[in-house]
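Asks: Okay, here's the structure, questions in a sec.
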Amino acid sequence: MQGFQVRSDGPLSHPLHGTAHVGGAKNSALKLMAAALLAPGRTELANVPDILDVHVMARLLEELGCAVKVSHPGFSSGAPGPSTGAAGSGSGLVSIEVPERLRHEAPYDLVRRLRASICVLGPLVARCGRARVALPGGDNIGSRGLDMHFTGLTELGARVRIEHGFVVADVPDRLRGANLWLDFPSVGATENLLMAAVLAEGTTVIDNVAREPEIVDLCQMLCEMGAEIEGLGGSTLTVYGVPQLRPVEHATVPDRIVAGTWAFAAAVAGGDLVVRGGQARHLDIVVDKLVSAGADVQHAEDGFRVAVDRRLRAFDVVTLPYPGFPTDLQPFAMALAAVCNGTAMVTENVFESRFMFAQELARLGADLRTDGHHAVVRGRPLLSGAPVVAHDIRAGAALVLAGLAAEGTTTVAQSQHVDRGYPFFVEILRDLGADIERVELPDLDE
Ligand code: UD1
């Protein structure tokens with residue numbers, strides 16, 4: 001089994017120095033790839049991260065009849081790559097040739113490897129009038145319902161049902177515009193309904209939508225394709241349906257979660273890091289928290305700089321849809337709280353099971369208690385290295401950061417989760433001065 005091994009003598013013992021380059025957002029690139037399905041012809045996406053999930057999405061698009069080419073420059077710690085302008089960020093180009101007639105079935109074998117594949121549902125119903133997409137099934141961060149996706153598509157005129165492990169949706173003629181509202185600003189439901197509504201007949205108003213920068217990026221690409229959408233970045237989107245869209249060239253928005261991860265890395269391990277390519281304005285609340293804790297955060301060219309030379313003060317975190325504190329950065333906040341001065345209350349409002357990570361953090365000696373969706377973390381000067389297991393992308397990366405503040409050796413098993421979301425995670429950390437390597441670990445059930 002794949003793993004990471006981190007060695008440290010505790011916080012500030014191996015401070016991180018240098019520049020971390022941030023590429024395109026995973027959570028945007030995957031949806032932009034799905035949006036390409038809406039227009040026959042060649043769509044070219046730039047600044048797409050070199051991660052496993054992008055390759056799985058490429059396989060899925062091929063399964064639907066597209067020809068997909070993924071080109072990535074590989075890791076470079078030096079100057080910007082000529083093709084992308086994104087030094088060491090591991091971002092590259094994806095070219096998608098979409099046929100006039102798509103196949104409409106997304107098989108279980110691919111969907112179970114990539115939950116985000118559910119985002120082909122909206123485009124397929126809109127383009128083909130029918131879709132069969134396998135249900136993704138269990139997930140390590142909660143039940144992750146899809147009811148709002150299905151209800152919204154039904155309101156748009158599709159007949160939606162579950163058959164033999166697939167969600168099957170069909171529409172006799174063309175989807176028709178409707179007034180929709182979401183119970184909760186779900187990122188996935190907003191995206192699926194948006195991608196269905198752009199080709200519907202008439203006007204669709206979607207209320208209480210998610211406002212994440214990745215949604216704005218998707219809206220912008222759809223508008224470049226010829227869609228008519230009003231309200232970008234707000235909580236109500238109005239979509240005037242058009243009969244067809246055209247393929248485009250589009251660059252993916254920078255990954256604010258990766259940028260935030262590097263900011264937390266400097267906060268946990270200490271050091272002086274420039275995070276380049278990450279837009280600080282998408283991380284206002286995170287930057288504010290780090291500053292209140294005692295970190296020095298400054299604007300830098302095309303990014304920001306985080307300097308930490310002492311133990312930080314604990315701060316509370318409440319996760320909420322954007323622009324609230326991102327749930328994807330919550331594990332990093334908890335890892336940092338474990339070595340801060342004082343006590344932090346962490347409240348998780350988006351995913352019910354995200355605290356599975358807390359049990360692993362406790363194995364590193366963190367003093368914490370969870371109760372429902374609250375966790376109380378009492379900071380300690382130092383953690384203690386131990387073997388731990390990554391249950392998802394962010395938990396895995398946060399355990400590595402905790403390992404940077406733990407005396408001794410920490411091994412993080414199931415590190416493939418981290419590689420799903422972070423291009424060259426280990427290579428970048430080594431470049432910044434961390435003592436980390438990839439190792440082969442015995443299987444967990446041996
Ligand atoms: C996306 C991101 C994920 C991020 C999350 C919230 C991708 C690939 N993943 O996930 O990294 O943590 O947004 O920012 O972009 N829900 C329902 N019914 C629905 C839809 C959602 O109950 O129909 C619930 C989910 O169970 C979850 C919450 O709403 O508890 C948020 O889900 P959602 O915003 O849809 O997240 P994802 O799109 O799955």
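Residue numbering restarts at 1 in every chain; chains get A, B, ... in the order shown in the structure tokens, and ligands count up from 1 in that same order.
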Which protein, DNA or RNA residues have an atom within 6 Å of ligand 1, counting only C-alpha atoms and all ligand atoms, as an MDAnalysis selection string?
Replies: chainID A and resid 27 116 143:149 186:189 327:328 350:351
Asks: Check segment 40-219 of chain A with DSSP on the backbone and list each residue it calls alpha helix (DSSP H), as number ranges by chain.
Replies: A: 52-63, 108-111, 121-128, 147-155, 187-197, 213-219
Asks: Excluding Ala307 of chain A and residues on its chain fewer than 4 positions from it, collect all residues at most 7 Å away from it, counting only C-alpha atoms, and give them as number ranges by chain.
Replies: A: 266, 271-273, 295-297
Asks: Using only C-alpha atoms, which protein or nucleic acid residues come within 9 Å of Gly294 of chain A? Drop anything in the same chain fewer than 6 positions from it, and give the result as a list in words.
Replies: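 What passes the distance filter is Val308, Arg310, Arg311, Leu312 and Arg313 of chain A.
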Asks: Go ahead and write the selection's residues with N, CA, C and O atoms as a PDB file, in the first residue's frame.
Replies:
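Written out: result-v2.pdb:
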```pdb
ATOM      1  N   VAL A 308       5.808  32.498   9.685  1.00  0.00           N
ATOM      2  CA  VAL A 308       5.479  32.104  11.061  1.00  0.00           C
ATOM      3  C   VAL A 308       6.778  31.715  11.752  1.00  0.00           C
ATOM      4  O   VAL A 308       7.502  30.832  11.270  1.00  0.00           O
ATOM      5  N   ARG A 310       6.811  31.540  15.377  1.00  0.00           N
ATOM      6  CA  ARG A 310       6.506  31.227  16.771  1.00  0.00           C
ATOM      7  C   ARG A 310       5.229  30.391  16.833  1.00  0.00           C
ATOM      8  O   ARG A 310       4.548  30.236  15.821  1.00  0.00           O
ATOM      9  N   ARG A 311       4.936  29.901  18.035  1.00  0.00           N
ATOM     10  CA  ARG A 311       3.707  29.116  18.217  1.00  0.00           C
ATOM     11  C   ARG A 311       2.517  30.052  18.087  1.00  0.00           C
ATOM     12  O   ARG A 311       2.476  31.125  18.714  1.00  0.00           O
ATOM     13  N   LEU A 312       1.516  29.664  17.293  1.00  0.00           N
ATOM     14  CA  LEU A 312       0.365  30.534  17.047  1.00  0.00           C
ATOM     15  C   LEU A 312      -0.697  30.363  18.132  1.00  0.00           C
ATOM     16  O   LEU A 312      -0.694  29.376  18.881  1.00  0.00           O
ATOM     17  N   ARG A 313      -1.622  31.337  18.180  1.00  0.00           N
ATOM     18  CA  ARG A 313      -2.735  31.283  19.130  1.00  0.00           C
ATOM     19  C   ARG A 313      -3.907  30.501  18.528  1.00  0.00           C
ATOM     20  O   ARG A 313      -4.170  30.611  17.312  1.00  0.00           O
TER      21      ARG A 313
END
```
Asks: Measuring atom to atom with only C-alpha atoms, identify which of A:Arg115, A:Arg394, A:Lys289, A:Arg420 is nearest to Pro49 of chain A.
Replies: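 Under the stated criterion, the closest residue is A:Arg420.
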Asks: From the options A:His374, A:His21, A:Arg211, A:His164, which residue's atoms come nearest to Ser235 of chain A, counting only C-alpha atoms?
Replies: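 Closest to Ser235 of chain A, using only C-alpha atoms: A:Arg211.
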Asks: Can you pull out every residue from segment 270-368 of chain A that DSSP, working from the backbone, puts in strand (DSSP E or B), and format the result as a PyMOL selection string?
Replies: chain A and resi 271-276+296-300+303-308+313+317-319+325+341+343-347+367-368
Asks: May I have the selected residues written with N, CA, C and O atoms, as a tab-separated table (two decimals), in the first residue's frame?
Replies:
```tsv
chain	number	residue	atom	x	y	z
A	271	GLY	N	8.00	28.85	9.25
A	271	GLY	CA	8.76	29.14	8.04
A	271	GLY	C	8.28	30.40	7.36
A	271	GLY	O	7.59	31.24	7.96
A	272	ASP	N	8.63	30.51	6.09
A	272	ASP	CA	8.32	31.72	5.31
A	272	ASP	C	8.03	31.27	3.89
A	272	ASP	O	8.95	30.93	3.14
A	273	LEU	N	6.77	31.22	3.53
A	273	LEU	CA	6.35	30.64	2.25
A	273	LEU	C	5.66	31.67	1.39
A	273	LEU	O	4.79	32.41	1.88
A	274	VAL	N	5.98	31.69	0.11
A	274	VAL	CA	5.19	32.46	-0.85
A	274	VAL	C	4.28	31.48	-1.57
A	274	VAL	O	4.74	30.44	-2.06
A	275	VAL	N	2.99	31.76	-1.57
A	275	VAL	CA	2.02	30.91	-2.27
A	275	VAL	C	1.66	31.66	-3.54
A	275	VAL	O	0.98	32.69	-3.49
A	276	ARG	N	2.16	31.16	-4.68
A	276	ARG	CA	2.01	31.91	-5.93
A	276	ARG	C	0.94	31.26	-6.79
A	276	ARG	O	0.86	30.04	-6.89
A	296	ASP	N	2.19	36.17	10.04
A	296	ASP	CA	2.38	37.38	9.24
A	296	ASP	C	1.98	37.02	7.80
A	296	ASP	O	2.68	36.23	7.15
A	297	VAL	N	0.86	37.56	7.33
A	297	VAL	CA	0.41	37.25	5.97
A	297	VAL	C	0.41	38.55	5.16
A	297	VAL	O	-0.20	39.54	5.57
A	298	GLN	N	1.13	38.56	4.07
A	298	GLN	CA	1.26	39.76	3.22
A	298	GLN	C	0.89	39.41	1.79
A	298	GLN	O	1.08	38.28	1.36
A	299	HIS	N	0.41	40.42	1.05
A	299	HIS	CA	0.21	40.22	-0.38
A	299	HIS	C	1.57	40.08	-1.04
A	299	HIS	O	2.52	40.75	-0.66
A	300	ALA	N	1.68	39.20	-2.01
A	300	ALA	CA	2.91	39.07	-2.80
A	300	ALA	C	2.48	39.05	-4.25
A	300	ALA	O	1.29	38.88	-4.54
A	303	GLY	N	-0.06	36.39	-5.60
A	303	GLY	CA	-0.34	35.46	-4.50
A	303	GLY	C	-0.17	36.13	-3.14
A	303	GLY	O	-0.45	37.31	-2.98
A	304	PHE	N	0.31	35.35	-2.19
A	304	PHE	CA	0.52	35.90	-0.85
A	304	PHE	C	1.66	35.17	-0.16
A	304	PHE	O	2.12	34.13	-0.63
A	305	ARG	N	2.12	35.77	0.96
A	305	ARG	CA	3.28	35.24	1.66
A	305	ARG	C	2.88	35.00	3.12
A	305	ARG	O	2.23	35.86	3.73
A	306	VAL	N	3.23	33.86	3.67
A	306	VAL	CA	2.90	33.54	5.07
A	306	VAL	C	4.20	33.29	5.82
A	306	VAL	O	4.98	32.43	5.42
A	307	ALA	N	4.43	34.06	6.88
A	307	ALA	CA	5.64	33.85	7.68
A	307	ALA	C	5.23	33.56	9.13
A	307	ALA	O	4.41	34.27	9.70
A	308	VAL	N	5.81	32.50	9.69
A	308	VAL	CA	5.48	32.10	11.06
A	308	VAL	C	6.78	31.71	11.75
A	308	VAL	O	7.50	30.83	11.27
A	313	ARG	N	-1.62	31.34	18.18
A	313	ARG	CA	-2.74	31.28	19.13
A	313	ARG	C	-3.91	30.50	18.53
A	313	ARG	O	-4.17	30.61	17.31
A	317	VAL	N	-13.27	27.72	14.50
A	317	VAL	CA	-13.61	27.60	13.09
A	317	VAL	C	-15.03	27.04	12.97
A	317	VAL	O	-15.40	26.10	13.68
A	318	VAL	N	-15.83	27.65	12.10
A	318	VAL	CA	-17.17	27.14	11.79
A	318	VAL	C	-17.24	26.99	10.27
A	318	VAL	O	-17.11	27.98	9.55
A	319	THR	N	-17.41	25.78	9.77
A	319	THR	CA	-17.45	25.62	8.31
A	319	THR	C	-18.83	25.97	7.77
A	319	THR	O	-19.85	25.67	8.39
A	325	PHE	N	-15.96	29.65	6.07
A	325	PHE	CA	-14.72	28.87	6.15
A	325	PHE	C	-14.93	27.54	5.43
A	325	PHE	O	-15.86	26.79	5.74
A	341	ASN	N	-1.36	27.57	20.89
A	341	ASN	CA	-1.46	27.97	22.28
A	341	ASN	C	-2.93	28.22	22.59
A	341	ASN	O	-3.51	29.13	21.99
A	343	THR	N	-7.19	26.84	23.32
A	343	THR	CA	-8.20	25.84	22.95
A	343	THR	C	-9.03	26.35	21.78
A	343	THR	O	-9.41	27.53	21.75
A	344	ALA	N	-9.33	25.46	20.84
A	344	ALA	CA	-10.14	25.85	19.67
A	344	ALA	C	-11.40	25.01	19.61
A	344	ALA	O	-11.38	23.81	19.91
A	345	MET	N	-12.49	25.64	19.22
A	345	MET	CA	-13.74	24.91	18.97
A	345	MET	C	-13.92	24.86	17.45
A	345	MET	O	-13.93	25.89	16.78
A	346	VAL	N	-14.06	23.65	16.92
A	346	VAL	CA	-14.23	23.48	15.47
A	346	VAL	C	-15.63	22.93	15.22
A	346	VAL	O	-16.00	21.90	15.79
A	347	THR	N	-16.41	23.61	14.40
A	347	THR	CA	-17.78	23.17	14.11
A	347	THR	C	-17.89	22.85	12.63
A	347	THR	O	-17.59	23.69	11.79
A	367	ASP	N	-4.81	16.53	21.64
A	367	ASP	CA	-5.75	16.50	22.77
A	367	ASP	C	-7.08	17.04	22.26
A	367	ASP	O	-7.27	18.26	22.15
A	368	LEU	N	-7.99	16.14	21.87
A	368	LEU	CA	-9.25	16.64	21.32
A	368	LEU	C	-10.41	15.73	21.70
A	368	LEU	O	-10.25	14.57	22.04
```
Asks: Can you tell me, as a VMD selection string, what residues are no more than 6 Å from segment 432-445 of chain A when counting only C-alpha atoms, ignoring any on the same chain fewer than 3 positions away?
Replies: chain A and resid 1 to 7 16 to 18 429
Asks: Which residue is closest to Val253 of chain A? Choose from A:Ile162, A:Glu228, A:Gly324, A:Gln220 and count only C-alpha atoms.
Replies: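 Closest to Val253 of chain A of all the choices is A:Gln220.
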